[in-house]
Amino acid sequence: MFPVEFDVEATSGRARAGRALTARGDYETPCFMPVGTRGAIRYLSADDYHAVGARIVLGNTYHLMLRPGAELVGEMGGLGRFSGWDGLTLTDSGGFQVFSLGPKIDDDGVTFKSTYDGDLVRFTPERAVDVQQMIGADIQMVLDVCPALPSPPEVIDLALRRTGEWAQRARAHHSRTDQSLFGIVQGGISPELRERSAIHTSELDFDGYGIGGLSVGETRDEMIPALSAATAHLPVNRPRYLMGVGDPASLVEAVALGVDQFDCVMQTRLGRHGTALTSTGKVHMKNVRHARDDSPLDAACACAVCARHSRAYIRHLFQTGEPTAARLLSYHNVAWTIALMGAMRAAIKDGTFPAFRASVLGVWA
RNA sequence: GUGGGCGUAGCUCAGCCUGGUUAGAGCGUCAGGUUGUGGCCCUGAAGGCCGGGGGUUCAAGUCCCCUCGCUCACC
């Protein structure tokens with residue numbers, strides 16, 4: 001386990017601007033990590049990752065294990081080298097697939113039916129660590145149990161207990177010293193359970209801490225107190241990662257509560273299907289009102305798509321089903337979100353974060 | 001020219017045989033949704049002189065006659 005150091009460079013209330021160190025380099029926070037589930041951010045290539053300002057790109061253990069296989073990725077030099085990406089990488093453990101694919105769960109692990117060929121796939125905390133060590137991302141996540149919300153208390157409680165036990169097993173099993181391992185806090189929308197989970201997970205002394213099981217059906221008003229309870233009981237000198245959350249209002253609220261990094265598929269999913277994130281809110285690019293609009297997606301955006309292309313052109317590409325449409329909007333949405341995180345970081349450092357937060361909430365809340 | 005088939009939403013078609021609320025579907029269009037990703041998926045809306053005319057009937061997209069258009073086969 002690589003002992004991540006996390007330097008808090010500036011604070012504004014509970015919000016932090018920081019720098020985290022991994023074996024292969026550091027990253028500045030607050031940080032948005034685009035999702036490349038199967039080894040690529042959809043429609044983008046490694047060259048683009050730099051251009052949109054990404055520093056860490058996600059991969060998914062479950063998907064990569066099935067195709068092309070963890071051994072193969074390892075043989076090819078690990079996820080970063082395999083995908084031609086010289087920035088940092090993080091693999092999600094497959095815990096979210098426990099939520100999204102509904103496998104059989106027992107105390108020892110989970111059994112998936114492969115989404116590719118129907119084969120049964122057995123996953124335990126130890127197996128998740130082994131597979132992720134082969135895939136070789138800079139940061140790996142423990143296998144957790146992510147229940148849907150709302151779920152009955154006994155379901156949340158069982159998920160919490162298993163996540164805690166599995167975290168301990170993963171921690172004990174992890175051996176790669178050039179790779180960081182993050183634990184994951186669960187507990188539904190209950191502040192009490194979140195506090196308990198945060199304390200228990202912290203005692204295992206991970207390199208960083210994921211906060212999982214949020215944005216899975218609850219409202220933002222339900223999410224905030226649970227998130228607040230979690231970050232309040234996590235160590236200051238380790239990065240906190242709110243998993244799967246990426247809408248601008250939640251990003252700014254989570255940063256205000258001391259979260260440092262995020263991932264989300266929303267940016268690329270919205271981009272593929274025609275919605276742009278802009279400084280004035282969501283814009284549906286398929287709408288006819290853009291047909292003769294020569295202006296960029298967002299006049300305040302510095303990305304390459306906004307520098308070159310009009311709304312009229314992008315709408316045309318969507319109307320005619322050109323794959324470039326999805327590419328351009330995915331590119332913009334990722335770049336836009338990373339820029340938003342950079343603006344938050346700057347605002348925390350120069351003392352204007354409260355005003356910045358209010359302005360974001362004014363558009364997105 | 002003769003015989004057959006087809007004309008219903010922007011497109012592809014159900015419905016006609018056996019007449020009966022306000023004529024439906026898929027796709028497309030328009031408007032929303034999308035949160036640790038299978039290029040999807042979900043919700044809502046707009047949009048019809050049922051080719052035209054005449055007839056039968058209490059009632060016609062539906063039955064009858066005429067007509068126009070498209071199409072196939074045969075001369």
# chains A, B, ... in the order shown; residues from 1 in each chain; ligands from 1
call {"tool": "interface_residues", "arguments": {"of": "chain A", "to": "chain B", "cutoff": "8 Å", "atoms": "only C-alpha atoms (C1' of nucleotides)", "output": "JSON, numbers by chain"}}
result
{"A": [35, 37, 92, 95, 96, 212, 215, 216, 243, 244, 245, 246, 247, 263, 264, 265, 266, 269, 270, 272, 287]}
call {"tool": "write_last_selection", "arguments": {"atoms": "C-alpha atoms", "output": "PDB file, in the first residue's frame"}}
result
ATOM      1  CA  VAL A  35     -15.076   7.454 -16.072  1.00  0.00           C
ATOM      2  CA  THR A  37     -15.244   1.850 -17.469  1.00  0.00           C
ATOM      3  CA  ASP A  92     -13.572   0.883  -8.958  1.00  0.00           C
ATOM      4  CA  GLY A  95     -18.924  -2.739  -5.770  1.00  0.00           C
ATOM      5  CA  PHE A  96     -21.269  -0.610  -7.792  1.00  0.00           C
ATOM      6  CA  GLY A 212     -20.353   5.169  -1.514  1.00  0.00           C
ATOM      7  CA  SER A 215     -26.954   9.301  -5.396  1.00  0.00           C
ATOM      8  CA  VAL A 216     -28.659   5.977  -5.804  1.00  0.00           C
ATOM      9  CA  MET A 243     -18.324   8.004  -5.517  1.00  0.00           C
ATOM     10  CA  GLY A 244     -20.558   8.408  -8.513  1.00  0.00           C
ATOM     11  CA  VAL A 245     -21.706  11.953  -7.839  1.00  0.00           C
ATOM     12  CA  GLY A 246     -21.253  14.613 -10.487  1.00  0.00           C
ATOM     13  CA  ASP A 247     -24.173  17.027 -10.813  1.00  0.00           C
ATOM     14  CA  ASP A 263     -16.308  10.516 -10.486  1.00  0.00           C
ATOM     15  CA  CYS A 264     -19.501  10.411 -12.484  1.00  0.00           C
ATOM     16  CA  VAL A 265     -20.784   8.940 -15.729  1.00  0.00           C
ATOM     17  CA  MET A 266     -23.324  11.718 -16.099  1.00  0.00           C
ATOM     18  CA  ARG A 269     -23.854   9.944 -20.685  1.00  0.00           C
ATOM     19  CA  LEU A 270     -25.516  13.346 -21.066  1.00  0.00           C
ATOM     20  CA  ARG A 272     -23.772  11.055 -25.752  1.00  0.00           C
ATOM     21  CA  ASN A 287     -33.805  21.332 -29.338  1.00  0.00           C
TER      22      ASN A 287
END
call {"tool": "residues_around", "arguments": {"residues": "range 344-348 of chain A", "least_positions_apart": "2", "cutoff": "8 Å", "atoms": "only C-alpha atoms (C1' of nucleotides)", "output": "PyMOL selection string"}}
result
chain A and resi 10-12+15-17+29-30+252+340-342+350-353+356
call {"tool": "write_last_selection", "arguments": {"atoms": "N, CA and C atoms", "output": "compact mmCIF listing (two decimals), in the first residue's frame"}}
result
# COMPACT_ATOMS: atom_id res chain seq x y z
N ALA A 10 -5.33 24.86 1.50
CA ALA A 10 -6.17 25.99 1.91
C ALA A 10 -7.53 25.43 2.30
N THR A 11 -8.22 26.15 3.16
CA THR A 11 -9.57 25.72 3.54
C THR A 11 -10.51 26.91 3.49
N SER A 12 -11.79 26.60 3.36
CA SER A 12 -12.84 27.60 3.46
C SER A 12 -13.99 26.91 4.16
N ALA A 15 -14.46 23.13 3.44
CA ALA A 15 -13.94 22.87 2.09
C ALA A 15 -12.43 22.92 2.10
N ARG A 16 -11.80 22.04 1.31
CA ARG A 16 -10.34 21.97 1.25
C ARG A 16 -9.85 22.05 -0.20
N ALA A 17 -8.76 22.77 -0.36
CA ALA A 17 -7.99 22.67 -1.59
C ALA A 17 -6.73 21.93 -1.19
N THR A 29 -6.72 18.84 -5.69
CA THR A 29 -8.13 18.70 -5.38
C THR A 29 -8.72 20.08 -5.06
N PRO A 30 -10.05 20.23 -5.19
CA PRO A 30 -11.05 19.25 -5.61
C PRO A 30 -10.82 18.78 -7.05
N VAL A 252 -20.61 21.04 -5.63
CA VAL A 252 -20.23 22.20 -4.82
C VAL A 252 -20.64 22.00 -3.36
N LEU A 340 -14.85 23.40 -13.67
CA LEU A 340 -15.64 23.77 -12.49
C LEU A 340 -14.88 23.42 -11.21
N MET A 341 -14.24 22.25 -11.20
CA MET A 341 -13.48 21.85 -10.02
C MET A 341 -12.28 22.78 -9.82
N GLY A 342 -11.65 23.15 -10.93
CA GLY A 342 -10.52 24.07 -10.85
C GLY A 342 -10.95 25.42 -10.29
N ASP A 350 -8.48 31.48 -2.68
CA ASP A 350 -8.48 32.95 -2.56
C ASP A 350 -9.62 33.48 -1.69
N GLY A 351 -10.30 32.57 -0.99
CA GLY A 351 -11.26 33.01 0.01
C GLY A 351 -12.63 33.38 -0.52
N THR A 352 -12.93 33.05 -1.78
CA THR A 352 -14.22 33.42 -2.35
C THR A 352 -15.16 32.23 -2.52
N PHE A 353 -14.84 31.12 -1.86
CA PHE A 353 -15.64 29.92 -2.09
C PHE A 353 -17.11 30.09 -1.71
N PHE A 356 -18.80 31.67 -4.55
CA PHE A 356 -18.77 30.76 -5.71
C PHE A 356 -19.83 29.68 -5.54
call {"tool": "select_by_dssp", "arguments": {"residues": "range 193-349 of chain A", "states": "strand (DSSP E)", "output": "list in words"}}
result
Gly208, Tyr209, Gly210, Ile211, Arg240, Tyr241, Leu242, Gln261, Phe262, Asp263, Cys264, Thr275, Ala276, Leu277, Thr278, Gly281, Lys282, Val283 and His284 of chain A
call {"tool": "select_by_dssp", "arguments": {"residues": "range 44-215 of chain A", "states": "alpha helix (DSSP H)", "output": "ChimeraX atom specification"}}
result
/A:46-51,61-66,70-75,79-82,95-100,125-135,153-173,191-203
call {"tool": "residues_around", "arguments": {"residues": "range 5-20 of chain B", "least_positions_apart": "6", "cutoff": "9 Å", "atoms": "only C-alpha atoms (C1' of nucleotides)", "output": "ChimeraX atom specification"}}
result
/B:26-29,47-48,50-51,59-63,69-72
call {"tool": "atom_distance", "arguments": {"atom1": "CA of Ser93 in chain A", "atom2": "CA of Gln140 in chain A"}}
result
6.9 Å
call {"tool": "residues_around", "arguments": {"residues": "Ala159 in chain A", "least_positions_apart": "6", "cutoff": "12 Å", "atoms": "only C-alpha atoms (C1' of nucleotides)", "output": "ChimeraX atom specification"}}
result
/A:95,98-99,105-107,109,143-149,151-153,165-167,184-188,193-194,197,212-213
call {"tool": "write_last_selection", "arguments": {"atoms": "C-alpha atoms", "output": "mmCIF file, in the first residue's frame"}}
result
data_model
loop_
_atom_site.group_PDB
_atom_site.id
_atom_site.type_symbol
_atom_site.label_atom_id
_atom_site.label_comp_id
_atom_site.auth_asym_id
_atom_site.auth_seq_id
_atom_site.Cartn_x
_atom_site.Cartn_y
_atom_site.Cartn_z
ATOM 1 C CA GLY A 95 -18.924 -2.739 -5.770
ATOM 2 C CA VAL A 98 -23.302 -5.210 -6.737
ATOM 3 C CA PHE A 99 -25.930 -2.494 -6.906
ATOM 4 C CA ILE A 105 -24.520 -11.651 -2.029
ATOM 5 C CA ASP A 106 -23.344 -13.693 0.940
ATOM 6 C CA ASP A 107 -21.027 -12.947 3.838
ATOM 7 C CA GLY A 109 -18.578 -12.307 -1.407
ATOM 8 C CA LEU A 143 -15.117 -4.263 -2.667
ATOM 9 C CA ASP A 144 -18.181 -2.862 -0.943
ATOM 10 C CA VAL A 145 -21.913 -3.496 -0.824
ATOM 11 C CA CYS A 146 -23.914 -0.638 -2.279
ATOM 12 C CA PRO A 147 -27.626 -0.946 -1.530
ATOM 13 C CA ALA A 148 -30.276 1.014 -3.425
ATOM 14 C CA LEU A 149 -32.021 3.851 -1.626
ATOM 15 C CA SER A 151 -33.844 0.248 1.374
ATOM 16 C CA PRO A 152 -35.171 -1.247 4.632
ATOM 17 C CA PRO A 153 -32.935 -0.588 7.676
ATOM 18 C CA GLU A 165 -15.728 -6.772 7.245
ATOM 19 C CA TRP A 166 -14.723 -6.810 3.600
ATOM 20 C CA ALA A 167 -12.696 -3.621 4.053
ATOM 21 C CA ILE A 184 -15.412 2.881 1.394
ATOM 22 C CA VAL A 185 -17.946 4.350 3.822
ATOM 23 C CA GLN A 186 -21.552 3.122 3.552
ATOM 24 C CA GLY A 187 -24.643 3.699 5.705
ATOM 25 C CA GLY A 188 -27.478 4.920 3.487
ATOM 26 C CA LEU A 193 -24.669 4.862 10.378
ATOM 27 C CA ARG A 194 -22.439 7.062 8.231
ATOM 28 C CA SER A 197 -18.949 3.522 9.127
ATOM 29 C CA GLY A 212 -20.353 5.169 -1.514
ATOM 30 C CA GLY A 213 -24.001 4.374 -1.704
#
call {"tool": "residues_around", "arguments": {"residues": "range 124-136 of chain A", "least_positions_apart": "5", "cutoff": "9 Å", "atoms": "only C-alpha atoms (C1' of nucleotides)", "output": "PyMOL selection string"}}
result
chain A and resi 61-62+64-65+69-75+77-80+89-94+108-111+141-144+166-176+179+181
call {"tool": "closest_residue", "arguments": {"among": "A:Glu5, A:Asp138, A:Asp294, A:Asp221", "to": "Ala249 in chain A", "atoms": "only C-alpha atoms"}}
result
A:Asp221
call {"tool": "residues_around", "arguments": {"residues": "Leu234 in chain A", "least_positions_apart": "2", "cutoff": "6 Å", "atoms": "only C-alpha atoms (C1' of nucleotides)", "output": "list in words"}}
result
Ala198, Thr231 and Ala232 of chain A
call {"tool": "residues_around", "arguments": {"residues": "U2 in chain B", "least_positions_apart": "5", "cutoff": "12 Å", "atoms": "only C-alpha atoms (C1' of nucleotides)", "output": "PyMOL selection string"}}
result
chain B and resi 73-75
call {"tool": "closest_residue", "arguments": {"among": "A:Gly39, A:Val52, A:Gly164, A:Gly87", "to": "Ala339 in chain A", "atoms": "only C-alpha atoms"}}
result
A:Val52
call {"tool": "atom_distance", "arguments": {"atom1": "CA of Pro239 in chain A", "atom2": "CA of Ala335 in chain A"}}
result
22.1 Å
call {"tool": "atom_distance", "arguments": {"atom1": "CA of Thr219 in chain A", "atom2": "CA of Met33 in chain A"}}
result
22.6 Å
call {"tool": "decode", "arguments": {"residues": "range 293-341 of chain A", "atoms": "N, CA and C atoms", "output": "short mmCIF file (atom, residue, chain, number, x, y, z; two decimals), in the first residue's frame"}}
result
data_model
loop_
_atom_site.label_atom_id
_atom_site.label_comp_id
_atom_site.auth_asym_id
_atom_site.auth_seq_id
_atom_site.Cartn_x
_atom_site.Cartn_y
_atom_site.Cartn_z
N ASP A 293 -28.17 28.78 -34.24
CA ASP A 293 -27.40 29.49 -33.21
C ASP A 293 -25.90 29.33 -33.48
N ASP A 294 -25.28 30.42 -33.83
CA ASP A 294 -23.85 30.38 -34.18
C ASP A 294 -22.95 30.46 -32.95
N SER A 295 -23.53 30.58 -31.76
CA SER A 295 -22.70 30.74 -30.57
C SER A 295 -22.22 29.39 -30.05
N PRO A 296 -21.18 29.39 -29.20
CA PRO A 296 -20.67 28.12 -28.66
C PRO A 296 -21.61 27.54 -27.61
N LEU A 297 -21.32 26.30 -27.19
CA LEU A 297 -22.12 25.67 -26.15
C LEU A 297 -22.18 26.56 -24.92
N ASP A 298 -21.02 27.08 -24.54
CA ASP A 298 -20.94 27.93 -23.36
C ASP A 298 -19.87 29.00 -23.62
N ALA A 299 -20.32 30.23 -23.70
CA ALA A 299 -19.40 31.32 -24.02
C ALA A 299 -18.32 31.46 -22.95
N ALA A 300 -18.60 30.96 -21.74
CA ALA A 300 -17.63 31.09 -20.66
C ALA A 300 -16.68 29.90 -20.58
N CYS A 301 -16.81 28.96 -21.51
CA CYS A 301 -16.00 27.73 -21.45
C CYS A 301 -14.77 27.87 -22.34
N ALA A 302 -13.64 27.39 -21.84
CA ALA A 302 -12.39 27.52 -22.57
C ALA A 302 -12.02 26.25 -23.32
N CYS A 303 -12.93 25.28 -23.41
CA CYS A 303 -12.56 24.00 -24.03
C CYS A 303 -12.46 24.13 -25.55
N ALA A 304 -11.82 23.14 -26.17
CA ALA A 304 -11.55 23.18 -27.60
C ALA A 304 -12.84 23.14 -28.42
N VAL A 305 -13.86 22.48 -27.91
CA VAL A 305 -15.12 22.41 -28.66
C VAL A 305 -15.79 23.79 -28.68
N CYS A 306 -15.79 24.45 -27.54
CA CYS A 306 -16.39 25.78 -27.48
C CYS A 306 -15.58 26.80 -28.28
N ALA A 307 -14.29 26.54 -28.43
CA ALA A 307 -13.45 27.46 -29.19
C ALA A 307 -13.73 27.36 -30.69
N ARG A 308 -14.23 26.20 -31.13
CA ARG A 308 -14.31 25.97 -32.56
C ARG A 308 -15.74 25.82 -33.10
N HIS A 309 -16.62 25.19 -32.33
CA HIS A 309 -17.89 24.76 -32.93
C HIS A 309 -19.11 25.52 -32.41
N SER A 310 -20.08 25.69 -33.29
CA SER A 310 -21.33 26.38 -32.95
C SER A 310 -22.37 25.38 -32.44
N ARG A 311 -23.34 25.93 -31.73
CA ARG A 311 -24.48 25.11 -31.32
C ARG A 311 -25.22 24.57 -32.54
N ALA A 312 -25.32 25.38 -33.57
CA ALA A 312 -26.02 24.95 -34.79
C ALA A 312 -25.37 23.70 -35.37
N TYR A 313 -24.04 23.69 -35.42
CA TYR A 313 -23.33 22.55 -35.99
C TYR A 313 -23.53 21.30 -35.12
N ILE A 314 -23.39 21.50 -33.82
CA ILE A 314 -23.52 20.34 -32.92
C ILE A 314 -24.93 19.78 -32.97
N ARG A 315 -25.93 20.66 -33.05
CA ARG A 315 -27.29 20.17 -33.18
C ARG A 315 -27.46 19.38 -34.48
N HIS A 316 -26.90 19.93 -35.54
CA HIS A 316 -26.98 19.22 -36.83
C HIS A 316 -26.38 17.81 -36.72
N LEU A 317 -25.24 17.69 -36.05
CA LEU A 317 -24.60 16.38 -35.92
C LEU A 317 -25.50 15.42 -35.13
N PHE A 318 -26.19 15.93 -34.12
CA PHE A 318 -27.11 15.06 -33.38
C PHE A 318 -28.31 14.67 -34.24
N GLN A 319 -28.83 15.63 -34.98
CA GLN A 319 -30.01 15.34 -35.79
C GLN A 319 -29.73 14.29 -36.85
N THR A 320 -28.49 14.27 -37.32
CA THR A 320 -28.16 13.33 -38.39
C THR A 320 -27.47 12.08 -37.85
N GLY A 321 -27.32 12.01 -36.53
CA GLY A 321 -26.78 10.78 -35.94
C GLY A 321 -25.28 10.61 -36.16
N GLU A 322 -24.57 11.67 -36.35
CA GLU A 322 -23.12 11.57 -36.51
C GLU A 322 -22.47 11.27 -35.16
N PRO A 323 -21.62 10.25 -35.08
CA PRO A 323 -20.94 9.93 -33.82
C PRO A 323 -20.15 11.11 -33.26
N THR A 324 -19.68 11.98 -34.14
CA THR A 324 -18.93 13.15 -33.67
C THR A 324 -19.77 14.01 -32.72
N ALA A 325 -21.05 13.99 -32.88
CA ALA A 325 -21.92 14.76 -31.98
C ALA A 325 -21.69 14.32 -30.54
N ALA A 326 -21.74 13.01 -30.32
CA ALA A 326 -21.55 12.47 -28.97
C ALA A 326 -20.14 12.77 -28.48
N ARG A 327 -19.19 12.68 -29.38
CA ARG A 327 -17.81 12.95 -29.00
C ARG A 327 -17.63 14.41 -28.55
N LEU A 328 -18.13 15.34 -29.35
CA LEU A 328 -17.92 16.76 -29.01
C LEU A 328 -18.59 17.12 -27.69
N LEU A 329 -19.81 16.62 -27.47
CA LEU A 329 -20.49 16.97 -26.22
C LEU A 329 -19.88 16.26 -25.01
N SER A 330 -19.43 15.03 -25.20
CA SER A 330 -18.75 14.33 -24.11
C SER A 330 -17.48 15.09 -23.71
N TYR A 331 -16.76 15.48 -24.73
CA TYR A 331 -15.53 16.24 -24.52
C TYR A 331 -15.82 17.52 -23.74
N HIS A 332 -16.79 18.26 -24.23
CA HIS A 332 -17.12 19.52 -23.55
C HIS A 332 -17.57 19.30 -22.11
N ASN A 333 -18.47 18.33 -21.89
CA ASN A 333 -19.02 18.13 -20.55
C ASN A 333 -17.94 17.75 -19.55
N VAL A 334 -16.99 16.92 -19.98
CA VAL A 334 -15.90 16.54 -19.09
C VAL A 334 -15.00 17.74 -18.83
N ALA A 335 -14.64 18.46 -19.90
CA ALA A 335 -13.77 19.63 -19.74
C ALA A 335 -14.44 20.68 -18.86
N TRP A 336 -15.74 20.85 -19.09
CA TRP A 336 -16.48 21.86 -18.33
C TRP A 336 -16.47 21.53 -16.84
N THR A 337 -16.69 20.26 -16.52
CA THR A 337 -16.75 19.84 -15.12
C THR A 337 -15.38 19.94 -14.45
N ILE A 338 -14.34 19.55 -15.19
CA ILE A 338 -12.99 19.67 -14.62
C ILE A 338 -12.66 21.14 -14.37
N ALA A 339 -13.10 22.01 -15.28
CA ALA A 339 -12.88 23.45 -15.08
C ALA A 339 -13.65 23.95 -13.86
N LEU A 340 -14.85 23.40 -13.67
CA LEU A 340 -15.64 23.77 -12.49
C LEU A 340 -14.88 23.42 -11.21
N MET A 341 -14.24 22.25 -11.20
CA MET A 341 -13.48 21.85 -10.02
C MET A 341 -12.28 22.78 -9.82
#
